[in-house]
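work13.cif (mmCIF, N, CA and C atoms) appears below.
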```cif
data_final
#
loop_
_atom_site.group_PDB
_atom_site.id
_atom_site.type_symbol
_atom_site.label_atom_id
_atom_site.label_comp_id
_atom_site.auth_asym_id
_atom_site.auth_seq_id
_atom_site.Cartn_x
_atom_site.Cartn_y
_atom_site.Cartn_z
ATOM 1 N N SER A 1 108.813 76.817 136.269
ATOM 2 C CA SER A 1 107.931 76.006 135.447
ATOM 3 C C SER A 1 108.776 75.211 134.452
ATOM 4 N N ARG A 2 108.147 74.307 133.767
ATOM 5 C CA ARG A 2 108.759 73.472 132.734
ATOM 6 C C ARG A 2 110.052 72.787 133.182
ATOM 7 N N PRO A 3 110.002 72.045 134.295
ATOM 8 C CA PRO A 3 111.213 71.351 134.746
ATOM 9 C C PRO A 3 111.614 70.236 133.787
ATOM 10 N N SER A 4 112.913 70.013 133.698
ATOM 11 C CA SER A 4 113.438 68.953 132.846
ATOM 12 C C SER A 4 114.663 68.368 133.530
ATOM 13 N N PRO A 5 114.826 67.050 133.537
ATOM 14 C CA PRO A 5 113.883 66.036 133.112
ATOM 15 C C PRO A 5 112.561 66.160 133.878
ATOM 16 N N LYS A 6 111.504 65.701 133.250
ATOM 17 C CA LYS A 6 110.186 65.813 133.879
ATOM 18 C C LYS A 6 110.147 65.069 135.208
ATOM 19 N N PRO A 7 109.409 65.607 136.178
ATOM 20 C CA PRO A 7 109.277 64.934 137.477
ATOM 21 C C PRO A 7 108.822 63.487 137.319
ATOM 22 N N GLY A 8 109.538 62.590 137.990
ATOM 23 C CA GLY A 8 109.191 61.174 137.957
ATOM 24 C C GLY A 8 109.640 60.437 136.711
ATOM 25 N N SER A 9 110.295 61.119 135.787
ATOM 26 C CA SER A 9 110.692 60.475 134.536
ATOM 27 C C SER A 9 111.958 59.641 134.692
ATOM 28 N N ARG A 10 112.223 58.837 133.679
ATOM 29 C CA ARG A 10 113.453 58.044 133.615
ATOM 30 C C ARG A 10 114.270 58.566 132.441
ATOM 31 N N THR A 11 115.558 58.758 132.674
ATOM 32 C CA THR A 11 116.431 59.212 131.607
ATOM 33 C C THR A 11 117.312 58.065 131.151
ATOM 34 N N ARG A 12 117.878 58.207 129.978
ATOM 35 C CA ARG A 12 118.818 57.209 129.469
ATOM 36 C C ARG A 12 120.192 57.830 129.439
ATOM 37 N N GLY A 13 121.165 57.086 129.870
ATOM 38 C CA GLY A 13 122.526 57.587 129.883
ATOM 39 C C GLY A 13 122.788 58.418 131.126
ATOM 40 N N GLN A 14 124.031 58.776 131.316
ATOM 41 C CA GLN A 14 124.427 59.507 132.509
ATOM 42 C C GLN A 14 124.535 61.006 132.272
ATOM 43 N N ASN A 15 124.592 61.440 131.016
ATOM 44 C CA ASN A 15 124.677 62.862 130.706
ATOM 45 C C ASN A 15 123.272 63.449 130.654
ATOM 46 N N VAL A 16 123.001 64.376 131.568
ATOM 47 C CA VAL A 16 121.649 64.920 131.740
ATOM 48 C C VAL A 16 121.707 66.443 131.677
ATOM 49 N N THR A 17 120.692 67.039 131.059
ATOM 50 C CA THR A 17 120.542 68.490 131.117
ATOM 51 C C THR A 17 119.366 68.789 132.032
ATOM 52 N N ILE A 18 119.650 69.462 133.125
ATOM 53 C CA ILE A 18 118.617 69.878 134.065
ATOM 54 C C ILE A 18 118.212 71.293 133.668
ATOM 55 N N ALA A 19 116.912 71.542 133.614
ATOM 56 C CA ALA A 19 116.444 72.857 133.177
ATOM 57 C C ALA A 19 115.130 73.210 133.854
ATOM 58 N N ALA A 20 114.868 74.508 133.925
ATOM 59 C CA ALA A 20 113.598 75.014 134.453
ATOM 60 C C ALA A 20 113.468 76.476 134.031
ATOM 61 N N THR A 21 112.243 76.931 133.914
ATOM 62 C CA THR A 21 111.996 78.344 133.661
ATOM 63 C C THR A 21 111.753 79.011 135.004
ATOM 64 N N VAL A 22 112.521 80.058 135.300
ATOM 65 C CA VAL A 22 112.453 80.744 136.588
ATOM 66 C C VAL A 22 112.199 82.219 136.319
ATOM 67 N N ARG A 23 110.986 82.675 136.627
ATOM 68 C CA ARG A 23 110.615 84.072 136.374
ATOM 69 C C ARG A 23 109.842 84.642 137.538
ATOM 70 N N ASP A 24 109.862 85.967 137.632
ATOM 71 C CA ASP A 24 109.051 86.709 138.590
ATOM 72 C C ASP A 24 108.228 87.691 137.771
ATOM 73 N N GLY A 25 106.935 87.659 137.929
ATOM 74 C CA GLY A 25 106.047 88.510 137.147
ATOM 75 C C GLY A 25 106.176 89.994 137.441
ATOM 76 N N GLU A 26 106.785 90.348 138.563
ATOM 77 C CA GLU A 26 106.873 91.756 138.950
ATOM 78 C C GLU A 26 108.275 92.346 138.823
ATOM 79 N N THR A 27 109.305 91.544 138.965
ATOM 80 C CA THR A 27 110.676 92.062 138.890
ATOM 81 C C THR A 27 111.521 91.143 138.013
ATOM 82 N N ASN A 28 112.624 91.667 137.521
ATOM 83 C CA ASN A 28 113.568 90.859 136.757
ATOM 84 C C ASN A 28 114.492 90.140 137.724
ATOM 85 N N LEU A 29 114.601 88.848 137.550
ATOM 86 C CA LEU A 29 115.506 88.066 138.385
ATOM 87 C C LEU A 29 116.885 88.016 137.738
ATOM 88 N N ALA A 30 117.896 88.037 138.547
ATOM 89 C CA ALA A 30 119.268 87.830 138.089
ATOM 90 C C ALA A 30 119.693 86.436 138.524
ATOM 91 N N LYS A 31 120.747 85.931 137.920
ATOM 92 C CA LYS A 31 121.262 84.612 138.293
ATOM 93 C C LYS A 31 121.544 84.549 139.789
ATOM 94 N N SER A 32 121.986 85.661 140.364
ATOM 95 C CA SER A 32 122.310 85.694 141.797
ATOM 96 C C SER A 32 121.078 85.527 142.692
ATOM 97 N N ASN A 33 119.865 85.659 142.124
ATOM 98 C CA ASN A 33 118.623 85.465 142.874
ATOM 99 C C ASN A 33 118.180 84.004 142.900
ATOM 100 N N ILE A 34 118.927 83.126 142.236
ATOM 101 C CA ILE A 34 118.498 81.740 142.038
ATOM 102 C C ILE A 34 119.548 80.780 142.577
ATOM 103 N N THR A 35 119.065 79.708 143.217
ATOM 104 C CA THR A 35 119.941 78.648 143.701
ATOM 105 C C THR A 35 119.475 77.324 143.099
ATOM 106 N N LEU A 36 120.430 76.528 142.611
ATOM 107 C CA LEU A 36 120.137 75.201 142.082
ATOM 108 C C LEU A 36 120.900 74.183 142.914
ATOM 109 N N GLN A 37 120.175 73.161 143.385
ATOM 110 C CA GLN A 37 120.800 72.045 144.084
ATOM 111 C C GLN A 37 120.405 70.750 143.391
ATOM 112 N N VAL A 38 121.372 69.869 143.224
ATOM 113 C CA VAL A 38 121.120 68.526 142.700
ATOM 114 C C VAL A 38 121.647 67.552 143.736
ATOM 115 N N ASP A 39 120.769 66.711 144.224
ATOM 116 C CA ASP A 39 121.114 65.741 145.271
ATOM 117 C C ASP A 39 121.744 66.427 146.484
ATOM 118 N N GLY A 40 121.223 67.599 146.834
ATOM 119 C CA GLY A 40 121.665 68.319 148.018
ATOM 120 C C GLY A 40 122.930 69.144 147.846
ATOM 121 N N ARG A 41 123.508 69.144 146.646
ATOM 122 C CA ARG A 41 124.736 69.913 146.405
ATOM 123 C C ARG A 41 124.434 71.117 145.523
ATOM 124 N N LYS A 42 124.907 72.272 145.953
ATOM 125 C CA LYS A 42 124.721 73.499 145.186
ATOM 126 C C LYS A 42 125.493 73.395 143.869
ATOM 127 N N GLN A 43 124.850 73.831 142.783
ATOM 128 C CA GLN A 43 125.436 73.721 141.451
ATOM 129 C C GLN A 43 125.537 75.086 140.784
ATOM 130 N N ASN A 44 126.563 75.258 139.982
ATOM 131 C CA ASN A 44 126.640 76.412 139.102
ATOM 132 C C ASN A 44 125.759 76.087 137.891
ATOM 133 N N PHE A 45 125.236 77.088 137.206
ATOM 134 C CA PHE A 45 124.316 76.857 136.100
ATOM 135 C C PHE A 45 124.333 78.058 135.170
ATOM 136 N N ASN A 46 123.743 77.878 134.006
ATOM 137 C CA ASN A 46 123.553 78.974 133.058
ATOM 138 C C ASN A 46 122.147 79.514 133.240
ATOM 139 N N TYR A 47 121.990 80.828 133.084
ATOM 140 C CA TYR A 47 120.667 81.444 133.211
ATOM 141 C C TYR A 47 120.529 82.549 132.176
ATOM 142 N N ALA A 48 119.522 82.435 131.337
ATOM 143 C CA ALA A 48 119.238 83.439 130.313
ATOM 144 C C ALA A 48 118.145 84.363 130.835
ATOM 145 N N THR A 49 118.502 85.600 131.180
ATOM 146 C CA THR A 49 117.513 86.528 131.733
ATOM 147 C C THR A 49 116.415 86.841 130.725
ATOM 148 N N SER A 50 116.719 86.802 129.436
ATOM 149 C CA SER A 50 115.717 87.120 128.419
ATOM 150 C C SER A 50 114.588 86.091 128.365
ATOM 151 N N THR A 51 114.903 84.817 128.639
ATOM 152 C CA THR A 51 113.887 83.764 128.585
ATOM 153 C C THR A 51 113.528 83.226 129.963
ATOM 154 N N GLY A 52 114.360 83.516 130.968
ATOM 155 C CA GLY A 52 114.139 82.981 132.306
ATOM 156 C C GLY A 52 114.509 81.511 132.418
ATOM 157 N N ARG A 53 115.265 80.997 131.466
ATOM 158 C CA ARG A 53 115.588 79.571 131.430
ATOM 159 C C ARG A 53 116.918 79.275 132.122
ATOM 160 N N LEU A 54 116.876 78.395 133.102
ATOM 161 C CA LEU A 54 118.035 77.895 133.834
ATOM 162 C C LEU A 54 118.423 76.565 133.211
ATOM 163 N N THR A 55 119.714 76.321 132.969
ATOM 164 C CA THR A 55 120.169 75.029 132.449
ATOM 165 C C THR A 55 121.468 74.623 133.116
ATOM 166 N N LYS A 56 121.626 73.322 133.282
ATOM 167 C CA LYS A 56 122.842 72.747 133.852
ATOM 168 C C LYS A 56 123.054 71.379 133.221
ATOM 169 N N LYS A 57 124.170 71.227 132.493
ATOM 170 C CA LYS A 57 124.521 69.925 131.935
ATOM 171 C C LYS A 57 125.464 69.249 132.910
ATOM 172 N N MET A 58 125.173 67.985 133.207
ATOM 173 C CA MET A 58 126.034 67.265 134.146
ATOM 174 C C MET A 58 125.955 65.766 133.928
ATOM 175 N N LYS A 59 126.974 65.082 134.405
ATOM 176 C CA LYS A 59 127.019 63.617 134.364
ATOM 177 C C LYS A 59 126.631 63.113 135.740
ATOM 178 N N LEU A 60 125.649 62.219 135.790
ATOM 179 C CA LEU A 60 125.146 61.684 137.050
ATOM 180 C C LEU A 60 125.262 60.167 137.063
ATOM 181 N N LYS A 61 125.461 59.607 138.235
ATOM 182 C CA LYS A 61 125.465 58.160 138.385
ATOM 183 C C LYS A 61 124.035 57.645 138.240
ATOM 184 N N PRO A 62 123.860 56.382 137.821
ATOM 185 C CA PRO A 62 122.519 55.817 137.729
ATOM 186 C C PRO A 62 121.812 55.854 139.086
ATOM 187 N N GLY A 63 120.511 56.095 139.073
ATOM 188 C CA GLY A 63 119.715 56.122 140.303
ATOM 189 C C GLY A 63 118.784 57.314 140.344
ATOM 190 N N ARG A 64 118.122 57.481 141.484
ATOM 191 C CA ARG A 64 117.180 58.597 141.678
ATOM 192 C C ARG A 64 117.945 59.860 142.027
ATOM 193 N N HIS A 65 117.539 60.973 141.420
ATOM 194 C CA HIS A 65 118.176 62.263 141.666
ATOM 195 C C HIS A 65 117.113 63.293 142.020
ATOM 196 N N LYS A 66 117.455 64.155 142.970
ATOM 197 C CA LYS A 66 116.536 65.198 143.424
ATOM 198 C C LYS A 66 117.071 66.569 143.017
ATOM 199 N N VAL A 67 116.178 67.387 142.476
ATOM 200 C CA VAL A 67 116.521 68.736 142.039
ATOM 201 C C VAL A 67 115.719 69.725 142.875
ATOM 202 N N ARG A 68 116.376 70.811 143.270
ATOM 203 C CA ARG A 68 115.711 71.867 144.032
ATOM 204 C C ARG A 68 116.157 73.213 143.463
ATOM 205 N N VAL A 69 115.178 74.049 143.117
ATOM 206 C CA VAL A 69 115.444 75.395 142.619
ATOM 207 C C VAL A 69 114.751 76.375 143.555
ATOM 208 N N VAL A 70 115.511 77.372 144.034
ATOM 209 C CA VAL A 70 114.957 78.410 144.899
ATOM 210 C C VAL A 70 115.202 79.755 144.226
ATOM 211 N N ALA A 71 114.150 80.558 144.106
ATOM 212 C CA ALA A 71 114.268 81.914 143.548
ATOM 213 C C ALA A 71 113.827 82.913 144.608
ATOM 214 N N ARG A 72 114.611 83.984 144.762
ATOM 215 C CA ARG A 72 114.299 85.049 145.725
ATOM 216 C C ARG A 72 114.247 86.374 144.988
ATOM 217 N N ASP A 73 113.220 87.173 145.262
ATOM 218 C CA ASP A 73 113.159 88.488 144.636
ATOM 219 C C ASP A 73 113.808 89.534 145.534
ATOM 220 N N ALA A 74 113.834 90.767 145.060
ATOM 221 C CA ALA A 74 114.500 91.852 145.791
ATOM 222 C C ALA A 74 113.840 92.130 147.143
ATOM 223 N N GLN A 75 112.561 91.785 147.304
ATOM 224 C CA GLN A 75 111.857 91.999 148.564
ATOM 225 C C GLN A 75 112.082 90.859 149.557
ATOM 226 N N GLY A 76 112.814 89.830 149.138
ATOM 227 C CA GLY A 76 113.092 88.707 150.023
ATOM 228 C C GLY A 76 112.074 87.590 149.963
ATOM 229 N N LEU A 77 111.087 87.700 149.090
ATOM 230 C CA LEU A 77 110.117 86.624 148.922
ATOM 231 C C LEU A 77 110.769 85.501 148.116
ATOM 232 N N SER A 78 110.461 84.263 148.471
ATOM 233 C CA SER A 78 111.085 83.147 147.764
ATOM 234 C C SER A 78 110.056 82.103 147.363
ATOM 235 N N LYS A 79 110.429 81.336 146.362
ATOM 236 C CA LYS A 79 109.614 80.227 145.867
ATOM 237 C C LYS A 79 110.564 79.065 145.621
ATOM 238 N N THR A 80 110.188 77.891 146.092
ATOM 239 C CA THR A 80 110.996 76.690 145.928
ATOM 240 C C THR A 80 110.245 75.682 145.070
ATOM 241 N N SER A 81 110.953 75.075 144.148
ATOM 242 C CA SER A 81 110.396 73.996 143.330
ATOM 243 C C SER A 81 111.328 72.809 143.447
ATOM 244 N N GLN A 82 110.751 71.625 143.675
ATOM 245 C CA GLN A 82 111.532 70.405 143.829
ATOM 246 C C GLN A 82 110.931 69.297 142.985
ATOM 247 N N TRP A 83 111.787 68.463 142.440
ATOM 248 C CA TRP A 83 111.313 67.273 141.725
ATOM 249 C C TRP A 83 112.426 66.250 141.697
ATOM 250 N N SER A 84 112.069 65.051 141.309
ATOM 251 C CA SER A 84 113.070 63.988 141.199
ATOM 252 C C SER A 84 112.855 63.217 139.907
ATOM 253 N N PHE A 85 113.911 62.531 139.496
ATOM 254 C CA PHE A 85 113.869 61.695 138.288
ATOM 255 C C PHE A 85 114.870 60.560 138.476
ATOM 256 N N VAL A 86 114.774 59.550 137.628
ATOM 257 C CA VAL A 86 115.667 58.394 137.683
ATOM 258 C C VAL A 86 116.471 58.357 136.419
#
```
I'd like the structure from this file rewritten - as structure tokens, please.
Amino acid sequence: SRPSPKPGSRTRGQNVTIAATVRDGETNLAKSNITLQVDGRKQNFNYATSTGRLTKKMKLKPGRHKVRVVARDAQGLSKTSQWSFV
């Protein structure tokens, strides 16, 4: 939830912070349960287990960018969230 930059939004400048809240209501997720991709490339990121907040600061070229976050729990169930911004 709470993806940033917001889906469909336009950002200013090339330095962007990508963020999302990633939680499972039944189990605690670890960073190893989460995958972040930006424009199809897997990214390293920060994850605060106490808040469930994923963040990644990066410099991007001007244009449309696609973000994909996948979370998997211990039972192997997964949820994917995707959005794009300019």
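For the pair atom CA of Val70 of chain A and atom CA of Gly8 of chain A, the interatomic distance is 19.5 Å.
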Checklist entry - Where in chain A does DSSP assign strand (DSSP E), given as an NGL selection string? => result :A and (15-21 or 34-38 or 41-43 or 46-48 or 53-59 or 65-72 or 78-85)
Checklist entry - Distance atom C of Ile34 of chain A-atom CA of Gln14 of chain A, one decimal place? => result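 Going from atom C of Ile34 of chain A over to atom CA of Gln14 of chain A covers 24.0 Å.
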Item to check | Separation of atom N of Thr17 of chain A from atom C of Val86 of chain A in Å | outcome: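 Between atom C of Val86 of chain A and atom N of Thr17 of chain A the gap works out to 11.0 Å.
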Item to check | Reference answer for the PyMOL selection byres ((chain A and resi 30) around 8), as a PyMOL selection string | outcome: chain A and resi 27-29+31-34+47+49+72-73
Would you compute, for all listed atoms of segment 31-42 of chain A, the axis-aligned bounding box grown by 4 Å on each side, and then report its centre and edge lengths in Å rounded to one decimal, as JSON?
```
{"center_x": 121.8, "center_y": 75.8, "center_z": 143.0, "size_x": 15.3, "size_y": 28.2, "size_z": 18.1}
```
Checklist entry - Near Ala19 of chain A, within 6.5 Å and counting all atoms listed in the file, which residues show up once chain neighbours fewer than 2 positions away are dropped, as a ChimeraX atom specification? => result /A:2-5,17,21,54-56
Checklist outcome for this item: Counting only C-alpha atoms, the residue among A:Lys66, A:Arg53, A:Gly76, A:Thr11 that lies closest to Val38 of chain A is A:Lys66
Item to check | Nearest-residue call for Arg68 of chain A, choices A:Ala48, A:Phe85, A:Leu36, A:Gln43, using only N, CA and C atoms | outcome: A:Leu36
Item to check | Selection under test: the PyMOL selection byres ((chain A and resi 16) around 6); residues as a PyMOL selection string | outcome: chain A and resi 13-15+17-18+56-60
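With distances restricted to only C-alpha atoms, A:Ala74 is the closest residue to Glu26 of chain A from A:Lys79, A:Pro7, A:Ser84, A:Ala74.
Counting all atoms listed in the file and comparing A:Arg64, A:Val22, A:Gln75, A:Lys6, the residue that lies closest to Asp39 of chain A is A:Arg64.
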Item to check | Shell of 8 Å around Val69 of chain A, only C-alpha atoms, local chain residues under 5 positions omitted, as a list in words | outcome: Ile34, Thr35, Leu36, Gln37, Thr80, Ser81 and Gln82 of chain A
Written selection (N, CA and C atoms) as a short mmCIF file (atom, residue, chain, number, x, y, z; two decimals), keeping the file's coordinate frame:
```cif
data_model
loop_
_atom_site.label_atom_id
_atom_site.label_comp_id
_atom_site.auth_asym_id
_atom_site.auth_seq_id
_atom_site.Cartn_x
_atom_site.Cartn_y
_atom_site.Cartn_z
N ILE A 34 118.93 83.13 142.24
CA ILE A 34 118.50 81.74 142.04
C ILE A 34 119.55 80.78 142.58
N THR A 35 119.06 79.71 143.22
CA THR A 35 119.94 78.65 143.70
C THR A 35 119.48 77.32 143.10
N LEU A 36 120.43 76.53 142.61
CA LEU A 36 120.14 75.20 142.08
C LEU A 36 120.90 74.18 142.91
N GLN A 37 120.18 73.16 143.38
CA GLN A 37 120.80 72.04 144.08
C GLN A 37 120.40 70.75 143.39
N THR A 80 110.19 77.89 146.09
CA THR A 80 111.00 76.69 145.93
C THR A 80 110.24 75.68 145.07
N SER A 81 110.95 75.08 144.15
CA SER A 81 110.40 74.00 143.33
C SER A 81 111.33 72.81 143.45
N GLN A 82 110.75 71.62 143.68
CA GLN A 82 111.53 70.40 143.83
C GLN A 82 110.93 69.30 142.99
#
```
